[in-house]
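Below is one structure, written out as structure tokens; the observations come after it.
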Number of protein chains: 2
Amino acid sequence: MGRKKLVMVPGPTNVPDSVMQAMIKPMISHRGPEFRALYESLTESMKYLFQTDGDVYVLTVSGTGGVECVVGNTVNPGDKVLIPVFGLFSERLREAVVRRGGRPVELALRWGAAPTSDQIREVLEKEKNVKALAVVYNETSTGVTVRDLPEIGEIAKENDLLFIVDAVSILGGDELPVDKWGVDICVTASQKCIACPPGLALFSVSSKAWETIEKTRRPFYFDMVKMREFSERKETPFTPAVPLFFALDEALRIIREEGLEERFKRHKLCAQAFYDAVEALGLPVFPDREFRSNTVIAFKKSANINVGQVRRIMNEKYDVTVSGGAGKLRENMFRIGCMGVISETETLLTINALENALAEIGYRFERGAGLEAARRRFHS
Amino acid sequence: MGRKKLVMVPGPTNVPDSVMQAMIKPMISHRGPEFRALYESLTESMKYLFQTDGDVYVLTVSGTGGVECVVGNTVNPGDKVLIPVFGLFSERLREAVVRRGGRPVELALRWGAAPTSDQIREVLEKEKNVKALAVVYNETSTGVTVRDLPEIGEIAKENDLLFIVDAVSILGGDELPVDKWGVDICVTASQKCIACPPGLALFSVSSKAWETIEKTRRPFYFDMVKMREFSERKETPFTPAVPLFFALDEALRIIREEGLEERFKRHKLCAQAFYDAVEALGLPVFPDREFRSNTVIAFKKSANINVGQVRRIMNEKYDVTVSGGAGKLRENMFRIGCMGVISETETLLTINALENALAEIGYRFERGAGLEAARRRFHS
């Protein structure tokens with residue numbers, strides 16, 4: 001049929017046509033007036049996205065590179081950083097701190113749970129000389145969102161800790177006003193809730209963060225002081241991925257047009273429809289109820305389901321790509337991206353493909369129950 | 001008129017339409033079969049480009065990030081690295097080594113010159129315990145190519161030094177058979193002679209290089225051992241800039257179709273035409289004659305020329321963008337990219353725009369002399 005596939009993995013996500021088309025604008029010099037106009041527009045839109053009056057930057061690098069950039073600008077060898085670890089991406093964050101020579105103070109939690117403000121407080125009562133608190137706001141590997149983030153931000157402030165937030169799989173899909181919540185450095189990536197192709201990391205930087213950054217022995221490519229210097233002439237220190245910058249500009253224009261509040265509501269509604277549907281199909285939602293993400297839907301298989309087989313049928317026969325579990329949960333879990341271009345349409349198509357594939361492998365359930373549960377959520 | 005601008009800066013360069021169009025293929029998951037097919041095709045083409053049987057990788061990052069990646073995988077704190085410094089980009093390479101805690105042994109040369117094998121030998125006779133030799137093959141800031149690179153490779157081998165080559169502004173435009181010349185790690189970028197948009201760095205890695213890399217405390221995002229691990233399943237460790245990967249695949253297909261030998265000949269011929277033309281206009285070529293680059297054409301202004309004004313007229317009135325000097329030479333030099341999509345057409349249009357702009361500001365020269373000199377080079 002030549003139909004487009006629905007990419008429903010937790011990033012990269014489906015990208016609007018106008019964002020794709022923005023990439024093929026004729027090449028421009030990144031040291032000329034056309035680029036400076038683009039830079040200015042991006043800066044304004046990013047301040048809206050992060051809900052900040054602070055500084056914002058884009059770097060040509062994937063989300064993990066963005067996280068390493070943040071660590072490289074804030075952590076010196078020997079620095080103590082408190083990190084709640086509750087999934088693959090918080091493990092990565094810890095690993096980036098270790099590679100840097102920092103000393104992670106780990107708050108280890110069960111996968112499926114999220115750190116609470118009480119737990120953070122408890123660690124800080126015992127640990128002295130902690131410099132920073134680094135939190136993965138949304139664990140892509142477990143579908144968990146740290147719902148206590150505002151309270152955790154308060155604690156960081158009380159204890160004069162630098163508050164670092166990895167918002168890669170959530171910014172633009174759920175609430176995160178960085179100034180209001182006291183986030184000093186926030187990092188996200190282009191290919192998740194922003195619905196732009198992958199290849200760019202986005203940052204917000206508070207004035208408190210600058211004090212730390214200036215005192216850090218920074219890596220070269222990731223140097224934020226250089227980014228600040230070049231931002232004065234509306235340029236990036238090093239050659240940017242210009243087509244992706246054009247795409248990001250259009251993706252952020254779409255976000256401003258819709259408005260953050262509307263966008264967050266839409267993500268939440270679709271997420272609820274997904275959760276209703278998988279429960280109606282008898283598949284257990286993975287995260288604890290109070291930590292369920294609105295952007296990554298993670299649920300377990302039932303005993304006789306072969307995750308790989310179901311995913312293959314969904315992809316090959318019904319043109320819907322979803323993910324399995326991350327890391328050690330690869331064969332035990334499904335993960336669906338509920339990000340960016342997500343509405344009743346994508347939600348119902350994905351659930352329908354899942355039902356069809358489950359029926360095909362002989363899983364026993366009430367046919368249509370998932371679809372009906374989701375439909376009811378959208379029209380009740 | 002809606003005519004496309006000619007981007008004749010030393011990168012990013014003009015990009016063929018088919019390469020631009022490749023970017024807007026529908027998004028795919030980077031953990032699925034479509035991506036693995038793309039990865040396999042890229043690997044094969046890169047081995048052709050680097051002329052290597054060793055390993056090759058692509059990373060989502062700009063060229064400078066690529067250089068930092070190489071340094072991060074090979075230099076431990078305290079390591080001595082011999083670096084000839086003869087322009088802005090060799091300064092950057094030295095800086096990346098310093099930031100990493102390495103100890104650069106600097107061979108400082110006049111801008112416009114290139115290191116010779118004799119000079120390298122001389123330094124190595126005095127300096128002991130040098131671990132690596134890192135050379136910028138083509139200095140984008142001065143239009144200089146290190147013509148002794150094969151001999152310098154011999155010296156690296158004799159002295160058992162790791163031989164690192166920054167080929168950002170030259171690979172794909174001039175001869176560089178990495179296996180034959182004994183290059184252990186070579187890095188280049190997508191937006192120069194490969195004629196792809198910016199955002200990707202490309203690497204070749206020899207088996208000797210692996211011995212060093214495995215013993216290095218590597219950064220996280222830049223970790224080449226991770227790249228090697230993931231390459232076994234034809235994936236990248238972290239989310240790649242998929243549209244740029246599609247574009248690179250098409251750009252490399254074009255290179256293979258033309259053939260490297262033809263491509264190098266074409267670059268050389270156009271470069272010679274440029275040099276003939278600027279000399280006919282009375283503008284002094286910047287680099288020493290024996291080091292002239294075939295990919296970056298650098299020449300000085302004459303006394304009464306305002307470089308910025310000439311560039312503005314060329315850009316606004318004749319739709320040709322060229323660069324001024326780099327760093328301290330900003331107002332004293334012109335630089336033209338002779339990269340990728342470069343033929344008689346682009347060469348003559350650029351020279352003609354230059355002549356028109358020079359005439360307009362009252363510079364005295366024989367009108368048409370540049371164009372005629374270039375024309376003669378193409379048809380003699």
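Residue numbering restarts at 1 for every chain of the structure tokens, chains are lettered A, B, ... in their displayed order, and ligands are numbered from 1 as they appear.
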Distance-based interface of chain A with chain B, 8 Å, counting only C-alpha atoms, as a PyMOL selection string: chain A and resi 4-5+7+9+11-15+20-21+23-24+26-30+60-65+68+95-96+99-100+197-199+217-221+238-243+321
Selected residues written out, C-alpha atoms, as a short mmCIF file (atom, residue, chain, number, x, y, z; two decimals), in the first residue's frame:
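Wrote result35.cif, looks like this:
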```cif
data_model
loop_
_atom_site.label_atom_id
_atom_site.label_comp_id
_atom_site.auth_asym_id
_atom_site.auth_seq_id
_atom_site.Cartn_x
_atom_site.Cartn_y
_atom_site.Cartn_z
CA LYS A 4 3.86 5.10 6.19
CA LYS A 5 4.88 3.06 9.22
CA VAL A 7 7.04 4.57 14.70
CA VAL A 9 9.03 3.41 19.99
CA GLY A 11 12.06 7.84 20.44
CA PRO A 12 12.85 8.54 17.68
CA THR A 13 9.20 9.33 17.10
CA ASN A 14 7.03 10.13 14.12
CA VAL A 15 7.93 13.52 12.67
CA MET A 20 10.90 16.76 7.57
CA GLN A 21 10.55 19.24 4.71
CA MET A 23 15.50 19.82 6.49
CA ILE A 24 15.84 20.19 2.75
CA PRO A 26 19.19 24.88 0.63
CA MET A 27 22.42 24.76 2.65
CA ILE A 28 23.52 28.00 4.30
CA SER A 29 26.77 29.07 5.88
CA HIS A 30 26.66 28.75 9.67
CA THR A 60 24.80 18.56 17.56
CA VAL A 61 24.88 15.31 19.52
CA SER A 62 22.45 12.61 20.65
CA GLY A 63 20.66 12.71 24.03
CA THR A 64 23.34 10.61 25.72
CA GLY A 65 25.93 13.04 24.38
CA GLU A 68 27.70 13.72 29.00
CA GLU A 95 28.29 5.82 34.44
CA ALA A 96 28.92 9.21 32.81
CA ARG A 99 33.91 8.09 33.62
CA ARG A 100 34.38 11.73 34.48
CA PRO A 197 14.53 13.85 13.95
CA PRO A 198 17.38 12.74 16.24
CA GLY A 199 20.77 14.42 16.39
CA ARG A 217 37.64 21.77 33.77
CA ARG A 218 35.40 21.38 30.75
CA PRO A 219 35.82 19.12 27.71
CA PHE A 220 36.41 20.89 24.41
CA TYR A 221 33.45 20.11 22.17
CA PHE A 238 31.40 24.39 16.04
CA THR A 239 29.65 23.53 12.78
CA PRO A 240 26.01 22.76 13.60
CA ALA A 241 23.86 20.14 11.82
CA VAL A 242 22.08 22.88 9.89
CA PRO A 243 19.25 20.73 8.45
CA THR A 321 6.78 -0.41 15.40
#
```
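One distance worth recording is that between atom CA of B:Ser90 and atom CA of B:Asp118, which is 18.8 Å.
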Residue neighbourhood stretch 286-294 of chain A, 7 Å, only C-alpha atoms, exclusion window fewer than 2 positions, as a list in words: Gly112, Ala113, Ala114, Thr142, Gly143, Val144, Thr145, Val146, Arg147, Asp174, His267, Lys268, Ala271, Pro284, Val296, Ile297, Ala298, Phe299, Lys300 and Cys338 of chain A
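Between atom CA of A:Ser41 and atom CA of A:Glu250 the separation is 9.9 Å.
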Filtered DSSP result for stretch 209-287 of chain A, state alpha helix (DSSP H), as a ChimeraX atom specification: /A:209-214,224-231,242-258,260-280
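For the residues B:Glu125, B:Asp79, B:Asp53, B:Asp249, ranking by smallest atom-to-atom distance to B:Ile155 using only C-alpha atoms places B:Glu125 first.
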